[in-house]
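Novice: Okay, so here is entry-v7.txt, and as you'll see once you scroll down, it has compact mmCIF, C-alpha atoms and all ligand atoms.
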```txt
# COMPACT_ATOMS: atom_id res chain seq x y z
CA MET Y 1 -12.22 -10.36 -9.73
CA ARG Y 2 -14.53 -7.34 -10.09
CA LYS Y 3 -13.81 -4.62 -7.53
CA ASP Y 4 -17.43 -3.56 -7.10
CA LEU Y 5 -18.63 -6.80 -5.48
CA GLU Y 6 -20.36 -6.62 -2.10
CA LEU Y 7 -18.43 -7.59 1.04
CA ASP Y 8 -20.57 -10.70 1.55
CA THR Y 9 -19.44 -11.91 -1.88
CA LEU Y 10 -15.79 -10.87 -1.51
CA ALA Y 11 -15.57 -12.69 1.84
CA ILE Y 12 -16.32 -15.95 0.07
CA HIS Y 13 -14.62 -15.50 -3.31
CA ALA Y 14 -11.85 -12.87 -3.20
CA GLY Y 15 -8.47 -14.38 -4.09
CA GLN Y 16 -10.08 -17.81 -4.56
CA SER Y 17 -11.24 -19.88 -7.49
CA PRO Y 18 -11.47 -23.67 -7.96
CA ASP Y 19 -8.03 -25.32 -7.98
CA PRO Y 20 -7.01 -25.64 -11.68
CA GLN Y 21 -5.42 -29.08 -11.14
CA THR Y 22 -8.13 -30.86 -9.13
CA GLY Y 23 -11.20 -28.63 -9.24
CA ALA Y 24 -11.17 -28.41 -5.44
CA VAL Y 25 -13.66 -25.67 -4.59
CA MET Y 26 -12.04 -24.72 -1.29
CA PRO Y 27 -8.45 -23.44 -1.35
CA PRO Y 28 -5.91 -26.21 -0.69
CA ILE Y 29 -3.57 -25.93 2.32
CA HIS Y 30 -0.06 -25.83 0.86
CA LEU Y 31 2.03 -27.11 3.75
CA SER Y 32 5.22 -27.47 1.73
CA SER Y 33 8.08 -25.38 3.11
CA THR Y 34 9.86 -25.34 -0.25
CA PHE Y 35 9.00 -25.42 -3.97
CA ALA Y 36 10.77 -27.24 -6.84
CA GLN Y 37 12.68 -25.06 -9.28
CA GLN Y 38 13.28 -26.14 -12.88
CA GLY Y 39 16.77 -24.70 -12.61
CA PRO Y 40 18.46 -22.27 -10.21
CA GLY Y 41 16.19 -19.26 -9.81
CA GLN Y 42 13.58 -20.70 -12.22
CA HIS Y 43 10.45 -21.15 -10.15
CA ARG Y 44 6.68 -20.77 -10.59
CA GLY Y 45 6.25 -17.84 -8.21
CA PHE Y 46 7.06 -19.67 -5.00
CA GLU Y 47 10.49 -20.59 -3.66
CA TYR Y 48 10.33 -20.99 0.10
CA SER Y 49 7.32 -20.62 2.42
CA ARG Y 50 8.80 -17.91 4.66
CA THR Y 51 9.11 -15.75 1.55
CA ASP Y 52 5.72 -16.61 0.06
CA ASN Y 53 3.23 -19.45 0.25
CA PRO Y 54 0.12 -20.09 -1.91
CA THR Y 55 -2.32 -20.41 1.02
CA ARG Y 56 -0.90 -17.29 2.66
CA ARG Y 57 -1.12 -15.40 -0.62
CA THR Y 58 -4.79 -16.36 -0.96
CA LEU Y 59 -5.47 -15.03 2.55
CA GLU Y 60 -3.57 -11.82 1.81
CA GLN Y 61 -5.59 -11.25 -1.36
CA CYS Y 62 -8.89 -11.95 0.35
CA VAL Y 63 -8.34 -9.56 3.29
CA ALA Y 64 -6.91 -6.90 0.96
CA ALA Y 65 -10.08 -7.10 -1.16
CA LEU Y 66 -12.29 -6.85 1.93
CA GLU Y 67 -10.46 -3.72 3.07
CA GLY Y 68 -10.65 -2.27 -0.45
CA GLY Y 69 -6.84 -2.32 -0.69
CA GLN Y 70 -4.23 -3.63 -3.10
CA GLN Y 71 -1.73 -5.45 -0.90
CA GLY Y 72 -2.09 -7.71 2.12
CA ILE Y 73 0.98 -8.78 4.10
CA ALA Y 74 0.24 -11.49 6.68
CA PHE Y 75 2.11 -12.05 9.96
CA ALA Y 76 2.18 -14.57 12.78
CA SER Y 77 0.18 -12.31 15.13
CA GLY Y 78 -1.38 -8.87 15.31
CA SER Y 79 1.59 -7.81 17.43
CA ALA Y 80 4.03 -9.04 14.75
CA ALA Y 81 2.07 -7.04 12.15
CA SER Y 82 2.25 -3.91 14.35
CA ALA Y 83 5.97 -4.53 14.96
CA ALA Y 84 6.58 -4.77 11.20
CA LEU Y 85 4.89 -1.39 10.67
CA LEU Y 86 6.98 0.16 13.46
CA GLY Y 87 10.04 -1.62 12.02
CA THR Y 88 9.77 0.57 8.93
CA LEU Y 89 10.81 3.56 11.11
CA ALA Y 90 14.35 4.74 11.88
CA PRO Y 91 15.83 5.94 15.20
CA GLY Y 92 14.76 9.55 15.78
CA ASP Y 93 11.36 9.09 14.08
CA HIS Y 94 8.25 9.95 16.06
CA VAL Y 95 4.80 8.32 16.25
CA VAL Y 96 1.59 9.88 17.61
CA VAL Y 97 -0.47 7.09 19.15
CA CYS Y 98 -4.03 7.28 20.43
CA ASP Y 99 -4.05 7.16 24.21
CA ASP Y 100 -6.34 4.14 24.46
CA VAL Y 101 -4.71 1.20 22.66
CA TYR Y 102 -4.36 -2.53 23.31
CA GLY Y 103 -1.92 -3.05 26.21
CA GLY Y 104 0.40 -5.12 24.01
CA THR Y 105 0.63 -2.28 21.46
CA TYR Y 106 1.48 0.12 24.29
CA ARG Y 107 4.16 -2.34 25.47
CA LEU Y 108 5.56 -2.67 21.94
CA MET Y 109 6.01 1.10 21.70
CA ASP Y 110 7.22 1.57 25.29
CA LYS Y 111 9.47 -1.44 25.83
CA VAL Y 112 10.60 -2.49 22.35
CA PHE Y 113 10.69 0.50 19.98
CA ALA Y 114 11.29 3.43 22.39
CA PRO Y 115 14.58 1.86 23.57
CA LEU Y 116 15.59 1.60 19.88
CA GLY Y 117 15.16 5.36 19.48
CA ILE Y 118 11.58 5.60 18.17
CA GLU Y 119 9.89 8.49 19.99
CA TRP Y 120 6.18 8.36 20.71
CA SER Y 121 3.45 10.55 22.18
CA ARG Y 122 0.09 9.35 23.44
CA VAL Y 123 -2.82 11.69 22.89
CA ASP Y 124 -6.59 11.68 23.00
CA MET Y 125 -7.36 11.40 19.30
CA THR Y 126 -11.02 12.25 19.66
CA GLU Y 127 -9.89 15.91 19.47
CA LEU Y 128 -8.29 17.05 16.19
CA ARG Y 129 -6.51 19.94 17.97
CA THR Y 130 -4.67 17.56 20.33
CA VAL Y 131 -3.46 15.41 17.47
CA GLU Y 132 -2.37 18.45 15.47
CA ALA Y 133 -0.46 19.83 18.47
CA ALA Y 134 1.36 16.51 18.96
CA ILE Y 135 2.76 16.39 15.39
CA LYS Y 136 6.47 17.28 15.32
CA PRO Y 137 8.92 17.73 12.41
CA ASN Y 138 10.11 14.13 12.94
CA THR Y 139 6.59 12.60 13.14
CA LYS Y 140 6.17 9.80 10.60
CA LEU Y 141 2.98 8.00 11.71
CA LEU Y 142 -0.39 8.62 13.32
CA TRP Y 143 -1.46 5.35 14.98
CA VAL Y 144 -5.17 4.93 15.61
CA GLU Y 145 -7.42 2.27 17.08
CA THR Y 146 -11.12 2.90 16.52
CA PRO Y 147 -13.12 1.75 18.40
CA THR Y 148 -10.32 1.90 20.96
CA ASN Y 149 -9.39 -0.96 23.27
CA PRO Y 150 -10.84 -1.06 25.92
CA LEU Y 151 -12.83 2.19 26.22
CA LEU Y 152 -14.44 2.00 22.76
CA LYS Y 153 -13.79 5.66 21.94
CA LEU Y 154 -14.15 6.52 18.25
CA VAL Y 155 -11.57 8.42 16.25
CA ASP Y 156 -12.52 10.25 13.05
CA ILE Y 157 -10.52 8.44 10.35
CA LYS Y 158 -11.42 10.82 7.51
CA THR Y 159 -10.31 13.90 9.45
CA LEU Y 160 -7.05 12.29 10.57
CA GLY Y 161 -6.41 11.00 7.03
CA TRP Y 162 -6.70 14.59 5.86
CA LEU Y 163 -4.41 15.79 8.68
CA ALA Y 164 -1.81 13.11 7.88
CA GLY Y 165 -1.96 14.11 4.20
CA THR Y 166 -1.33 17.79 4.97
CA HIS Y 167 1.79 16.80 6.98
CA GLY Y 168 3.04 14.22 4.48
CA ILE Y 169 2.87 11.44 7.09
CA ARG Y 170 1.04 8.11 7.23
CA LEU Y 171 -2.17 7.25 9.07
CA ILE Y 172 -2.25 3.68 10.37
CA VAL Y 173 -5.61 2.31 11.59
CA ASP Y 174 -5.88 -0.82 13.72
CA ASN Y 175 -9.22 -2.13 12.43
CA THR Y 176 -9.34 -5.20 14.67
CA PHE Y 177 -12.46 -4.16 16.62
CA ALA Y 178 -14.49 -2.95 13.63
CA THR Y 179 -13.36 -5.22 10.75
CA PRO Y 180 -13.98 -4.15 7.14
CA VAL Y 181 -17.62 -5.10 7.58
CA LEU Y 182 -18.17 -2.10 9.89
CA GLN Y 183 -15.60 0.34 8.47
CA ARG Y 184 -13.02 0.43 5.66
CA PRO Y 185 -10.30 2.89 6.75
CA LEU Y 186 -8.36 2.84 3.45
CA LEU Y 187 -11.42 4.25 1.71
CA LEU Y 188 -11.56 7.03 4.34
CA GLY Y 189 -7.95 8.13 3.84
CA ALA Y 190 -5.85 5.77 5.99
CA HIS Y 191 -2.52 4.70 4.47
CA ALA Y 192 -2.49 1.25 6.07
CA VAL Y 193 -4.81 -0.98 8.08
CA VAL Y 194 -3.52 -3.46 10.64
CA HIS Y 195 -5.48 -6.37 12.13
CA SER Y 196 -5.12 -8.93 14.80
CA SER Y 197 -6.73 -11.68 12.69
CA THR Y 198 -6.80 -13.68 15.93
CA LYS Y 199 -10.08 -11.85 16.56
CA TYR Y 200 -13.12 -11.31 14.30
CA LEU Y 201 -11.39 -12.09 10.97
CA ASN Y 202 -10.80 -15.67 12.06
CA GLY Y 203 -13.71 -15.57 14.48
CA HIS Y 204 -13.35 -18.99 16.09
CA SER Y 205 -10.62 -18.40 18.72
CA ASP Y 206 -8.32 -21.05 17.27
CA VAL Y 207 -5.67 -18.98 15.45
CA VAL Y 208 -3.19 -16.26 16.41
CA GLY Y 209 -2.45 -14.09 13.37
CA GLY Y 210 -2.08 -10.59 11.98
CA ILE Y 211 -2.16 -8.74 8.68
CA VAL Y 212 -1.42 -5.30 7.22
CA ILE Y 213 -3.27 -3.96 4.17
CA THR Y 214 -2.04 -0.98 2.17
CA ASP Y 215 -2.13 0.66 -1.25
CA ASP Y 216 1.18 2.39 -0.55
CA GLU Y 217 3.71 0.59 -2.79
CA GLU Y 218 6.75 1.80 -0.86
CA LEU Y 219 5.31 0.74 2.50
CA ALA Y 220 4.22 -2.63 1.07
CA ARG Y 221 7.73 -3.25 -0.29
CA ARG Y 222 9.28 -2.55 3.16
CA LEU Y 223 6.71 -4.76 4.89
CA ARG Y 224 7.27 -7.66 2.48
CA PHE Y 225 10.98 -7.31 3.07
CA LEU Y 226 10.45 -7.47 6.86
CA GLN Y 227 7.96 -10.35 6.50
CA ASN Y 228 10.67 -12.42 4.80
CA ALA Y 229 13.72 -11.08 6.63
CA VAL Y 230 12.30 -11.32 10.17
CA GLY Y 231 10.15 -14.35 9.37
CA ALA Y 232 7.20 -13.77 11.74
CA VAL Y 233 4.90 -15.50 9.25
CA PRO Y 234 1.65 -17.43 9.83
CA SER Y 235 1.54 -21.16 9.07
CA PRO Y 236 -0.37 -22.29 5.95
CA PHE Y 237 -2.84 -24.11 8.20
CA ASP Y 238 -3.55 -20.93 10.20
CA CYS Y 239 -3.98 -19.01 6.93
CA TYR Y 240 -6.51 -21.61 5.81
CA LEU Y 241 -8.44 -21.33 9.09
CA VAL Y 242 -8.64 -17.54 8.79
CA LEU Y 243 -9.79 -17.89 5.15
CA ARG Y 244 -12.48 -20.28 6.32
CA GLY Y 245 -13.52 -17.89 9.10
CA LEU Y 246 -13.66 -14.95 6.69
CA LYS Y 247 -16.42 -16.59 4.66
CA THR Y 248 -18.90 -15.93 7.46
CA LEU Y 249 -17.41 -12.62 8.68
CA PRO Y 250 -20.20 -10.35 7.36
CA VAL Y 251 -22.93 -12.64 8.76
CA ARG Y 252 -21.15 -12.98 12.11
CA MET Y 253 -20.53 -9.25 12.44
CA ARG Y 254 -24.16 -8.37 11.91
CA ARG Y 255 -25.22 -10.82 14.61
CA HIS Y 256 -22.43 -9.75 17.05
CA CYS Y 257 -23.61 -6.15 16.67
CA GLU Y 258 -27.31 -6.91 17.02
CA THR Y 259 -26.82 -8.84 20.27
CA ALA Y 260 -24.24 -6.41 21.68
CA HIS Y 261 -26.57 -3.49 21.04
CA ALA Y 262 -29.40 -5.21 22.94
CA LEU Y 263 -27.08 -6.13 25.84
CA ALA Y 264 -25.65 -2.61 25.99
CA ILE Y 265 -29.18 -1.24 26.45
CA PHE Y 266 -29.85 -3.84 29.16
CA LEU Y 267 -26.60 -3.03 31.01
CA ASP Y 268 -27.21 0.70 30.71
CA SER Y 269 -30.37 0.39 32.79
CA HIS Y 270 -28.91 -2.01 35.39
CA PRO Y 271 -28.50 -0.52 38.90
CA ARG Y 272 -25.12 -2.24 39.45
CA VAL Y 273 -23.66 -0.63 36.31
CA ALA Y 274 -22.38 2.94 36.63
CA ARG Y 275 -21.56 3.54 32.95
CA VAL Y 276 -21.70 1.67 29.66
CA HIS Y 277 -19.27 2.44 26.83
CA TYR Y 278 -20.90 1.33 23.56
CA PRO Y 279 -20.75 3.35 20.32
CA GLY Y 280 -24.38 2.50 19.56
CA LEU Y 281 -25.80 4.22 22.67
CA PRO Y 282 -26.89 7.85 22.28
CA THR Y 283 -24.91 8.62 25.47
CA HIS Y 284 -21.62 7.61 23.78
CA PRO Y 285 -19.50 10.79 23.34
CA GLN Y 286 -18.87 10.05 19.64
CA HIS Y 287 -22.29 8.61 18.88
CA ALA Y 288 -22.76 10.90 15.86
CA LEU Y 289 -19.47 9.63 14.40
CA THR Y 290 -20.69 6.02 14.77
CA GLY Y 291 -23.37 6.74 12.18
CA ARG Y 292 -20.97 8.49 9.81
CA GLN Y 293 -18.03 6.11 10.05
CA MET Y 294 -19.40 2.67 10.90
CA THR Y 295 -22.20 0.61 9.40
CA LEU Y 296 -22.97 -0.90 12.85
CA PRO Y 297 -21.62 -0.11 16.35
CA GLY Y 298 -19.63 -3.31 16.98
CA GLY Y 299 -19.73 -6.42 19.14
CA MET Y 300 -17.73 -5.13 22.11
CA ILE Y 301 -19.14 -3.52 25.27
CA THR Y 302 -17.14 -2.01 28.12
CA CYS Y 303 -18.79 -1.06 31.38
CA GLU Y 304 -17.95 0.42 34.71
CA LEU Y 305 -19.40 -1.48 37.66
CA ARG Y 306 -20.42 0.13 40.92
CA GLY Y 307 -18.22 -1.37 43.63
CA GLY Y 308 -14.78 -1.33 41.92
CA LEU Y 309 -12.48 -4.36 41.98
CA PRO Y 310 -14.57 -6.57 44.32
CA ALA Y 311 -17.61 -6.08 42.08
CA ALA Y 312 -15.57 -6.83 38.92
CA ARG Y 313 -14.08 -9.95 40.53
CA ALA Y 314 -17.51 -11.15 41.61
CA VAL Y 315 -19.05 -10.73 38.16
CA LEU Y 316 -16.11 -12.30 36.32
CA SER Y 317 -16.20 -15.35 38.52
CA SER Y 318 -20.00 -15.75 38.35
CA THR Y 319 -20.79 -15.75 34.63
CA GLU Y 320 -21.50 -19.16 33.18
CA LEU Y 321 -21.74 -18.48 29.44
CA PHE Y 322 -19.38 -15.49 29.26
CA VAL Y 323 -15.96 -17.12 29.70
CA CYS Y 324 -13.41 -15.14 31.71
CA ALA Y 325 -10.55 -14.85 29.22
CA GLU Y 326 -8.48 -12.37 27.21
CA SER Y 327 -9.13 -11.87 23.48
CA LEU Y 328 -12.32 -11.13 21.58
CA GLY Y 329 -14.16 -11.59 18.32
CA GLY Y 330 -14.90 -15.32 18.56
CA VAL Y 331 -18.23 -17.10 18.27
CA GLU Y 332 -18.21 -17.55 22.05
CA SER Y 333 -18.78 -14.70 24.49
CA LEU Y 334 -15.85 -13.60 26.63
CA ILE Y 335 -15.56 -11.32 29.64
CA GLU Y 336 -12.36 -9.78 30.99
CA HIS Y 337 -10.92 -7.22 33.38
CA PRO Y 338 -8.63 -4.80 31.47
CA ALA Y 339 -6.76 -3.48 34.55
CA THR Y 340 -5.43 -6.92 35.49
CA MET Y 341 -5.62 -8.74 32.16
CA THR Y 342 -5.33 -7.14 28.68
CA HIS Y 343 -4.06 -3.76 29.89
CA ALA Y 344 -1.93 -4.84 32.86
CA SER Y 345 1.14 -3.82 30.79
CA VAL Y 346 -0.09 -0.19 30.79
CA PRO Y 347 1.36 1.54 33.90
CA ALA Y 348 -1.20 2.13 36.69
CA ASP Y 349 -0.98 5.95 36.45
CA ALA Y 350 -1.60 5.86 32.66
CA ARG Y 351 -4.56 3.50 33.21
CA ALA Y 352 -6.01 5.79 35.87
CA ALA Y 353 -5.59 8.89 33.68
CA LEU Y 354 -7.43 7.15 30.87
CA GLY Y 355 -10.30 5.82 32.94
CA ILE Y 356 -9.33 2.14 32.94
CA SER Y 357 -10.50 1.75 36.51
CA ASP Y 358 -10.58 -1.38 38.66
CA GLY Y 359 -14.33 -1.59 38.18
CA LEU Y 360 -14.11 -1.65 34.39
CA ILE Y 361 -15.02 -4.89 32.61
CA ARG Y 362 -15.01 -5.67 28.87
CA LEU Y 363 -17.40 -8.01 27.08
CA SER Y 364 -16.88 -9.65 23.70
CA VAL Y 365 -20.40 -10.57 22.71
CA GLY Y 366 -20.53 -13.89 20.87
CA LEU Y 367 -23.14 -15.57 18.72
CA GLU Y 368 -25.13 -17.30 21.47
CA ALA Y 369 -28.83 -16.43 21.91
CA GLU Y 370 -29.23 -12.92 23.25
CA VAL Y 371 -31.75 -14.04 25.88
CA ASP Y 372 -29.28 -16.58 27.33
CA LEU Y 373 -26.47 -14.01 27.44
CA ARG Y 374 -28.77 -11.49 29.11
CA HIS Y 375 -29.81 -14.03 31.75
CA ASP Y 376 -26.15 -14.87 32.35
CA LEU Y 377 -25.27 -11.22 32.97
CA GLU Y 378 -28.40 -10.76 35.09
CA GLN Y 379 -27.49 -13.62 37.41
CA ALA Y 380 -23.79 -12.60 37.58
CA LEU Y 381 -24.63 -8.97 38.40
CA GLY Y 382 -27.18 -10.12 40.95
O1 LIG L 1 -2.84 -10.87 20.05
P1 LIG L 1 -2.32 -10.46 18.72
O2 LIG L 1 -2.83 -11.26 17.58
O3 LIG L 1 -0.82 -10.32 18.72
O4 LIG L 1 -2.94 -8.99 18.44
C1 LIG L 1 -2.56 -7.87 19.17
C2 LIG L 1 -3.68 -6.85 19.12
C3 LIG L 1 -3.58 -5.78 18.24
N1 LIG L 1 -4.55 -4.85 18.14
C4 LIG L 1 -5.66 -4.92 18.89
C5 LIG L 1 -6.71 -3.86 18.78
C6 LIG L 1 -5.84 -5.98 19.80
O5 LIG L 1 -6.96 -6.02 20.53
C7 LIG L 1 -4.81 -6.97 19.92
C8 LIG L 1 -4.93 -8.10 20.88
N2 LIG L 1 -5.90 -7.91 21.86
C9 LIG L 1 -6.22 -8.78 22.86
C10 LIG L 1 -5.63 -9.98 23.03
C11 LIG L 1 -7.31 -8.35 23.77
O6 LIG L 1 -7.87 -9.17 24.51
O7 LIG L 1 -7.64 -7.16 23.74
```
Would you mind writing the structure in this file as structure tokens?
Specialist:
Amino acid sequence: MRKDLELDTLAIHAGQSPDPQTGAVMPPIHLSSTFAQQGPGQHRGFEYSRTDNPTRRTLEQCVAALEGGQQGIAFASGSAASAALLGTLAPGDHVVVCDDVYGGTYRLMDKVFAPLGIEWSRVDMTELRTVEAAIKPNTKLLWVETPTNPLLKLVDIKTLGWLAGTHGIRLIVDNTFATPVLQRPLLLGAHAVVHSSTKYLNGHSDVVGGIVITDDEELARRLRFLQNAVGAVPSPFDCYLVLRGLKTLPVRMRRHCETAHALAIFLDSHPRVARVHYPGLPTHPQHALTGRQMTLPGGMITCELRGGLPAARAVLSSTELFVCAESLGGVESLIEHPATMTHASVPADARAALGISDGLIRLSVGLEAEVDLRHDLEQALG
């Protein structure tokens, strides 16, 4: 397939063409766990579904094309994809991680890989000097989320790609919040992109999945080895659902962003809201970077309520359309409380230092009518 196609076209066609046997226009779901061989070792590209599966391969090719990369390696969750990337390291290696990451990623570093001898430092990656100062002779990776979870800080991918290059290390970007529709980190100098496809890529809150995309042959070879050897692979049915979700990703993202932007402006002027974190607002500390790095500011809003925990509890139990639940990126709007939900695995002192206060709430703005979502927030805040 031509490389210069627009994202809207790639989302529907990349990796897919009518089934040669039946003409089926949509990719078949190959549930088979094993594949017939004409003789020992003589197969048609597939042997066993942990190793490779046609539906999974289609998904891998589609997401790789969307990210502008060569290789996609799919996993059973975003956490499994992150673990595979960290699994390419050896004891004594060091990772510089941005201070504001998903609580589960923090936990993976702190409770799974640190005990195995992987060192890590958490730094505010909005400042190049801090990142530079954190790089040590044994540093192998810079690990970035942008926008970050949950504070929606932006990190300059191009600058960090350059920095990683000058140190001969890899820049990994978790692109879950932005998706390739809003930013394509590989084209800005990242060495690999990781996604929780549970979120916007699938978009319908009915799959848990993850994927890594890279052009780095050596890294891809290690990841494919781990994909097969560890076996944290997505089911063919889940791969099909993500492929189906991807077809509307560009359309969904534009609508998520449009509604989130309008709601961020509404929340910013509400007397019960002390501060709104949204990359599209001129008050956002990296607002200028939003315009340079992202096509649109995203579908997530985080805000600080006046009144701390009681205020957060009251709002989260009063919304009717915004469902109180973890996760994000689905067609339905969700609301959550990072300190007790998604980021409860981050120690209280680290949360406090970052600004994940008890009054902080996070919204995943869905595809419902903006006016209905605004009324829902209005009544819950009231
Ligand atoms: O949930 P899982 O598919 O394993 O993905 C983990 C993950 C990785 N990276 C980012 C940026 C994420 O936000 C997540 C999961 N996040 C949530 C469940 C959440 O509500 O923030």
Novice: Take atom CA of His261 of chain Y and atom CA of Glu336 of chain Y and report the distance between them in Å, one decimal.
Specialist: 18.5 Å
Novice: Got a sec to check which residues lie within 10 Å of ligand LIG 1 (chain L), using all atoms listed in the file, and send them as a VMD selection string?
Specialist: chain Y and resid 75 to 83 100 to 106 144 to 150 173 to 178 194 to 199 207 to 211 325 to 329 334 to 338 341 to 343 362 to 364
Novice: Nearest residue to Arg107 of chain Y out of Y:Thr248, Y:Cys239, Y:Trp120, Y:Gln16, using all atoms listed in the file?
Specialist: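 Looking at the shortest contact to Arg107 of chain Y, the residue is Y:Trp120.
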Novice: Which residue out of Y:Leu219, Y:Ile265, Y:Ala339, Y:Leu316 has the minimum interatomic distance to Thr88 of chain Y when only C-alpha atoms are used?
Specialist: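 Looking only at the distances to Thr88 of chain Y, the closest residue turns out to be Y:Leu219.
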Novice: Please provide the set of residues having any atom within 12 Å of Thr166 of chain Y, restricted to all atoms listed in the file, with same-chain residues fewer than 6 positions apart removed, written as a tab-separated table (two decimals) with C-alpha atoms, keeping the file's coordinate frame.
Specialist:
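selection25.tsv written:
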```
chain	number	residue	atom	x	y	z
Y	132	GLU	CA	-2.37	18.45	15.47
Y	135	ILE	CA	2.76	16.39	15.39
Y	159	THR	CA	-10.31	13.90	9.45
Y	160	LEU	CA	-7.05	12.29	10.57
Y	189	GLY	CA	-7.95	8.13	3.84
```
Novice: Would you mind exporting segment 356-369 of chain Y with N, CA and C atoms, as a PDB file, in the first residue's frame?
Specialist:
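The resulting part09.pdb:
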```
ATOM      1  N   ILE Y 356      -0.940  15.680  42.054  1.00  0.00           N
ATOM      2  CA  ILE Y 356      -2.146  14.844  41.951  1.00  0.00           C
ATOM      3  C   ILE Y 356      -2.837  14.927  43.318  1.00  0.00           C
ATOM      4  N   SER Y 357      -3.589  15.995  43.478  1.00  0.00           N
ATOM      5  CA  SER Y 357      -4.207  16.270  44.784  1.00  0.00           C
ATOM      6  C   SER Y 357      -5.514  15.496  44.928  1.00  0.00           C
ATOM      7  N   ASP Y 358      -6.091  15.565  46.120  1.00  0.00           N
ATOM      8  CA  ASP Y 358      -7.363  14.870  46.359  1.00  0.00           C
ATOM      9  C   ASP Y 358      -8.537  15.535  45.661  1.00  0.00           C
ATOM     10  N   GLY Y 359      -8.329  16.785  45.224  1.00  0.00           N
ATOM     11  CA  GLY Y 359      -9.416  17.477  44.526  1.00  0.00           C
ATOM     12  C   GLY Y 359      -9.325  17.359  43.013  1.00  0.00           C
ATOM     13  N   LEU Y 360      -8.360  16.556  42.548  1.00  0.00           N
ATOM     14  CA  LEU Y 360      -8.146  16.438  41.098  1.00  0.00           C
ATOM     15  C   LEU Y 360      -9.072  15.371  40.500  1.00  0.00           C
ATOM     16  N   ILE Y 361      -9.772  15.739  39.446  1.00  0.00           N
ATOM     17  CA  ILE Y 361     -10.599  14.748  38.736  1.00  0.00           C
ATOM     18  C   ILE Y 361     -10.199  14.736  37.256  1.00  0.00           C
ATOM     19  N   ARG Y 362     -10.413  13.561  36.601  1.00  0.00           N
ATOM     20  CA  ARG Y 362     -10.024  13.437  35.189  1.00  0.00           C
ATOM     21  C   ARG Y 362     -11.243  13.035  34.369  1.00  0.00           C
ATOM     22  N   LEU Y 363     -11.441  13.712  33.251  1.00  0.00           N
ATOM     23  CA  LEU Y 363     -12.583  13.407  32.385  1.00  0.00           C
ATOM     24  C   LEU Y 363     -12.094  12.842  31.059  1.00  0.00           C
ATOM     25  N   SER Y 364     -12.712  11.755  30.618  1.00  0.00           N
ATOM     26  CA  SER Y 364     -12.508  11.270  29.260  1.00  0.00           C
ATOM     27  C   SER Y 364     -13.783  11.652  28.515  1.00  0.00           C
ATOM     28  N   VAL Y 365     -13.649  12.613  27.618  1.00  0.00           N
ATOM     29  CA  VAL Y 365     -14.833  13.150  26.954  1.00  0.00           C
ATOM     30  C   VAL Y 365     -15.216  12.255  25.780  1.00  0.00           C
ATOM     31  N   GLY Y 366     -16.434  11.748  25.826  1.00  0.00           N
ATOM     32  CA  GLY Y 366     -16.899  10.803  24.805  1.00  0.00           C
ATOM     33  C   GLY Y 366     -17.528  11.495  23.609  1.00  0.00           C
ATOM     34  N   LEU Y 367     -18.383  10.756  22.914  1.00  0.00           N
ATOM     35  CA  LEU Y 367     -18.951  11.269  21.668  1.00  0.00           C
ATOM     36  C   LEU Y 367     -20.403  11.727  21.826  1.00  0.00           C
ATOM     37  N   GLU Y 368     -20.882  11.826  23.070  1.00  0.00           N
ATOM     38  CA  GLU Y 368     -22.246  12.309  23.279  1.00  0.00           C
ATOM     39  C   GLU Y 368     -22.327  13.785  22.866  1.00  0.00           C
ATOM     40  N   ALA Y 369     -23.546  14.322  22.813  1.00  0.00           N
ATOM     41  CA  ALA Y 369     -23.718  15.737  22.444  1.00  0.00           C
ATOM     42  C   ALA Y 369     -23.063  16.621  23.495  1.00  0.00           C
TER      43      ALA Y 369
END
```
